[in-house]
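Asker: So here's model_17.txt, just compact mmCIF, C-alpha atoms:
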```
# COMPACT_ATOMS: atom_id res chain seq x y z
CA MET A 1 122.11 -42.03 28.36
CA ALA A 2 123.36 -42.45 31.91
CA ALA A 3 125.26 -45.56 32.95
CA ARG A 4 123.18 -48.38 34.36
CA VAL A 5 125.97 -49.62 36.67
CA SER A 6 128.46 -47.66 38.76
CA ILE A 7 131.03 -49.13 41.12
CA GLN A 8 132.47 -46.23 43.08
CA THR A 9 134.09 -45.10 46.31
CA GLU A 10 132.10 -41.89 46.65
CA ASP A 11 128.64 -41.67 48.19
CA PHE A 12 125.51 -41.25 46.04
CA ASP A 13 122.51 -38.93 46.26
CA LEU A 14 119.25 -40.89 46.10
CA SER A 15 117.15 -37.95 44.89
CA ARG A 16 119.58 -37.10 42.10
CA GLU A 17 119.83 -40.73 40.96
CA VAL A 18 116.04 -41.18 40.86
CA ALA A 19 115.57 -37.90 38.99
CA ALA A 20 118.15 -38.96 36.40
CA LEU A 21 116.51 -42.37 35.97
CA ARG A 22 113.07 -40.81 35.44
CA ALA A 23 114.24 -37.91 33.27
CA GLY A 24 112.43 -37.57 29.99
CA ASP A 25 110.32 -40.74 30.31
CA LYS A 26 106.66 -39.77 30.63
CA GLY A 27 105.69 -43.46 30.77
CA VAL A 28 107.17 -43.87 34.25
CA GLY A 29 104.40 -44.45 36.76
CA ALA A 30 106.45 -46.18 39.44
CA VAL A 31 109.93 -46.02 40.90
CA CYS A 32 111.13 -48.63 43.35
CA CYS A 33 114.40 -48.09 45.22
CA PHE A 34 116.44 -50.09 47.66
CA VAL A 35 119.25 -48.41 49.58
CA GLY A 36 121.48 -50.66 51.66
CA THR A 37 123.59 -49.30 54.49
CA VAL A 38 126.52 -50.65 56.50
CA ARG A 39 125.48 -52.17 59.83
CA ASP A 40 127.50 -52.02 63.03
CA ARG A 41 127.08 -55.76 63.61
CA ASN A 42 127.43 -58.94 61.58
CA ASP A 43 126.99 -62.51 62.78
CA GLY A 44 126.69 -61.25 66.36
CA GLN A 45 129.99 -59.34 66.27
CA SER A 46 130.55 -55.60 66.43
CA VAL A 47 131.83 -54.13 63.16
CA SER A 48 133.63 -50.76 63.19
CA SER A 49 134.25 -50.65 59.42
CA MET A 50 134.17 -52.74 56.28
CA GLU A 51 136.25 -52.67 53.15
CA LEU A 52 134.86 -53.88 49.84
CA GLU A 53 136.95 -54.90 46.85
CA HIS A 54 136.07 -55.92 43.30
CA TYR A 55 137.67 -56.61 39.93
CA PRO A 56 137.06 -53.50 37.80
CA GLY A 57 135.34 -54.39 34.57
CA MET A 58 134.33 -57.88 35.65
CA THR A 59 131.96 -56.70 38.38
CA GLU A 60 130.24 -54.14 36.16
CA LYS A 61 129.85 -56.69 33.36
CA ALA A 62 128.28 -59.26 35.70
CA ILE A 63 125.77 -56.71 37.02
CA GLU A 64 124.97 -55.51 33.47
CA VAL A 65 124.08 -59.11 32.54
CA MET A 66 121.68 -59.30 35.48
CA ILE A 67 120.09 -55.97 34.53
CA ASP A 68 119.55 -57.40 31.05
CA GLN A 69 117.87 -60.38 32.72
CA ALA A 70 115.62 -58.00 34.70
CA PHE A 71 114.56 -56.28 31.47
CA SER A 72 113.72 -59.65 29.89
CA ARG A 73 111.78 -60.90 32.94
CA PHE A 74 109.86 -57.76 33.93
CA ASP A 75 108.09 -54.94 32.13
CA ILE A 76 110.45 -52.20 33.32
CA LEU A 77 111.56 -48.96 31.72
CA GLY A 78 114.86 -48.29 33.45
CA ALA A 79 117.29 -49.64 36.04
CA ARG A 80 120.24 -48.21 37.95
CA VAL A 81 122.66 -50.01 40.28
CA ILE A 82 125.33 -48.24 42.31
CA HIS A 83 127.60 -50.25 44.59
CA ARG A 84 130.28 -48.63 46.67
CA VAL A 85 133.71 -50.11 47.30
CA GLY A 86 136.58 -49.09 49.54
CA LEU A 87 136.48 -48.33 53.26
CA LEU A 88 132.98 -47.82 54.69
CA ALA A 89 131.68 -47.15 58.20
CA PRO A 90 128.39 -48.10 59.87
CA GLN A 91 125.46 -46.07 58.51
CA ASP A 92 127.27 -45.35 55.22
CA GLN A 93 125.21 -46.04 52.11
CA ILE A 94 126.64 -49.03 50.30
CA VAL A 95 124.22 -49.95 47.51
CA LEU A 96 121.40 -48.47 45.46
CA VAL A 97 119.05 -50.42 43.21
CA ALA A 98 116.45 -48.26 41.45
CA VAL A 99 113.93 -49.46 38.87
CA THR A 100 111.25 -47.63 36.89
CA SER A 101 108.15 -49.05 35.24
CA ALA A 102 104.63 -48.04 34.28
CA HIS A 103 103.17 -49.87 37.31
CA ARG A 104 104.48 -50.59 40.82
CA GLY A 105 104.37 -54.39 40.73
CA GLN A 106 106.99 -54.73 38.00
CA SER A 107 109.27 -52.20 39.72
CA PHE A 108 109.02 -54.00 43.07
CA GLN A 109 109.74 -57.40 41.52
CA ALA A 110 112.66 -56.21 39.39
CA CYS A 111 114.19 -54.33 42.32
CA GLU A 112 113.99 -57.40 44.55
CA PHE A 113 115.34 -59.61 41.75
CA LEU A 114 118.37 -57.34 41.27
CA MET A 115 119.03 -57.05 45.01
CA ASP A 116 118.83 -60.83 45.47
CA TYR A 117 121.38 -61.16 42.66
CA LEU A 118 123.72 -58.60 44.22
CA LYS A 119 123.62 -60.34 47.60
CA THR A 120 124.18 -63.83 46.25
CA GLN A 121 126.11 -63.65 42.98
CA ALA A 122 127.88 -60.32 42.43
CA PRO A 123 131.69 -60.56 42.62
CA PHE A 124 132.62 -58.47 45.67
CA TRP A 125 135.07 -59.27 48.48
CA LYS A 126 134.47 -57.88 51.97
CA LYS A 127 136.78 -57.41 54.94
CA GLU A 128 135.31 -56.38 58.30
CA LYS A 129 137.12 -54.71 61.17
CA THR A 130 135.94 -56.10 64.52
CA PRO A 131 137.24 -55.77 68.11
CA GLU A 132 138.98 -59.14 67.52
CA GLY A 133 140.74 -57.86 64.40
CA GLU A 134 140.09 -57.91 60.67
CA ARG A 135 138.34 -60.81 58.93
CA TRP A 136 137.42 -61.59 55.35
CA VAL A 137 133.79 -62.57 54.99
CA ASP A 138 131.86 -63.95 52.04
CA ALA A 139 130.25 -60.89 50.48
CA ARG A 140 128.14 -63.19 48.32
CA VAL A 141 125.74 -64.38 50.97
CA SER A 142 124.27 -67.65 49.80
CA ASP A 143 120.49 -67.62 49.92
CA ASP A 144 119.31 -70.58 47.88
CA ALA A 145 115.66 -69.71 48.52
CA ALA A 146 116.11 -66.22 47.04
CA LEU A 147 117.82 -67.65 43.99
CA ALA A 148 115.28 -70.44 43.55
CA ARG A 149 112.44 -67.89 43.58
CA TRP A 150 113.93 -66.46 40.38
CA GLY A 151 114.92 -69.80 38.85
CA ILE A 152 118.66 -69.20 39.38
CA GLU A 153 121.00 -71.91 40.64
CA ALA A 154 123.75 -70.93 43.11
CA GLY A 155 126.89 -69.97 41.19
CA ASN A 156 124.93 -69.38 37.95
CA GLU A 157 125.59 -65.67 37.50
CA GLY A 158 123.89 -65.32 34.14
CA GLY A 159 120.46 -66.47 35.33
```
Would you mind writing the structure in this file as structure tokens?

Answerer:
Amino acid sequence: MAARVSIQTEDFDLSREVAALRAGDKGVGAVCCFVGTVRDRNDGQSVSSMELEHYPGMTEKAIEVMIDQAFSRFDILGARVIHRVGLLAPQDQIVLVAVTSAHRGQSFQACEFLMDYLKTQAPFWKKEKTPEGERWVDARVSDDAALARWGIEAGNEGG
């Protein structure tokens, strides 16, 4: 069985990851994927690169808990989250969330649920390089509406 969570510096191949997630499961009728990429702007400022940090072990455990929550909330068959760390440039892939289910609705919902969690609760630290210099920014963008939609309070990482 492949890992459900990978935190890595190297890029990922979407086709290979989806094939691995679907492999051997004839019940899969839907795959929903989200791939996030690094933008060249943030908060109106030009960004030439970003560096992401995490605490090994803690980050993976927190994301595993949220994947468990996705399995309990939605009728899904599989889930895979890859998040890159280290130095990244605009247009680099930074995150993959892939979910399989028998029907599309459950895959869409679980994928959005997991992505909302990653953006608001996952323990990552981000430093951006701008023309004005480097700045640390809150990688856990607070979006109370996104959390409320899933019944999660801000700062409540277990759901």

Asker: Please compute the CA of Arg39 (chain A)-CA of Leu88 (chain A) distance, one decimal, in Å.

Answerer: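 The value is 10.1 Å.
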
Asker: So which one's closest to Lys129 (chain A), A:Thr37, A:Ser15, A:Ser46, A:Ser6? Using all atoms listed in the file, please.

Answerer: A:Ser46

Asker: Residues within 10 Å of Asp75 (chain A), please, as a list in words. Count all atoms listed in the file; anything in the same chain fewer than 5 positions from it doesn't count.

Answerer: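 Selected residues are Ala70, Thr100, Ser101, Ala102, His103, Gly105, Gln106, Ser107, Gln109 and Ala110 of chain A.
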
Asker: Could the residues in this selection be written to a file with C-alpha atoms, as a short mmCIF file (atom, residue, chain, number, x, y, z; two decimals), in the coordinates of the input?

Answerer:
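Writing the result to out26.cif gives the following:
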```
data_model
loop_
_atom_site.label_atom_id
_atom_site.label_comp_id
_atom_site.auth_asym_id
_atom_site.auth_seq_id
_atom_site.Cartn_x
_atom_site.Cartn_y
_atom_site.Cartn_z
CA ALA A 70 115.62 -58.00 34.70
CA THR A 100 111.25 -47.63 36.89
CA SER A 101 108.15 -49.05 35.24
CA ALA A 102 104.63 -48.04 34.28
CA HIS A 103 103.17 -49.87 37.31
CA GLY A 105 104.37 -54.39 40.73
CA GLN A 106 106.99 -54.73 38.00
CA SER A 107 109.27 -52.20 39.72
CA GLN A 109 109.74 -57.40 41.52
CA ALA A 110 112.66 -56.21 39.39
#
```

Asker: Rounded to one decimal in Å, what is the spacing between CA of Leu77 (chain A) and CA of Ile7 (chain A)?

Answerer: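 CA of Ile7 (chain A) lies at a distance of 21.6 Å from CA of Leu77 (chain A).
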
Asker: Neighbouring residues of Asp40 (chain A) were defined as those with any atom within 9 Å, considering only C-alpha atoms; residues of the same chain fewer than 3 positions away were excluded. Please report them as a PyMOL selection string.

Answerer: chain A and resi 45-49+89-91

Asker: Leaving out Glu64 (chain A) and any residue of its chain fewer than 3 positions from it, which residues lie within 8 Å of it when counting all atoms listed in the file, given as a list in words?

Answerer: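 Skipping anything fewer than 3 positions along the chain leaves Arg4, Val5, Glu60, Lys61, Ile67 and Asp68 of chain A.
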
Asker: Figure out the distance between CA of Val65 (chain A) and CA of Ala148 (chain A), please, to one decimal in Å.

Answerer: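 Atom-to-atom, CA of Ala148 (chain A) to CA of Val65 (chain A), that is 18.1 Å.
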
Asker: Which polymer residues have any atom within 10 Å of an atom of Gly36 (chain A), counting all atoms listed in the file, with same-chain residues fewer than 2 positions away left out, as a ChimeraX atom specification?

Answerer: /A:33-34,38-39,83,91-97,115

Asker: Excluding same-chain residues fewer than 3 positions from Gly86 (chain A), what lies within 7 Å of it counting all atoms listed in the file, as a list of chain:residue names?

Answerer: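 Result of the neighbour search: A:Thr9, A:Glu51, A:Leu52, A:Glu53.
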
Asker: Could you tell me which of A:Ala30, A:Cys111, A:Ala19, A:Thr130 comes closest to Val81 (chain A) if we count only C-alpha atoms?

Answerer: A:Cys111

Asker: Looking at A:Asp43, A:Glu17, A:Asp116, A:Glu128, which one is nearest to Ala79 (chain A), with distances taken over all atoms listed in the file?

Answerer: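 Checking each candidate against Ala79 (chain A), we get A:Glu17 as the closest.
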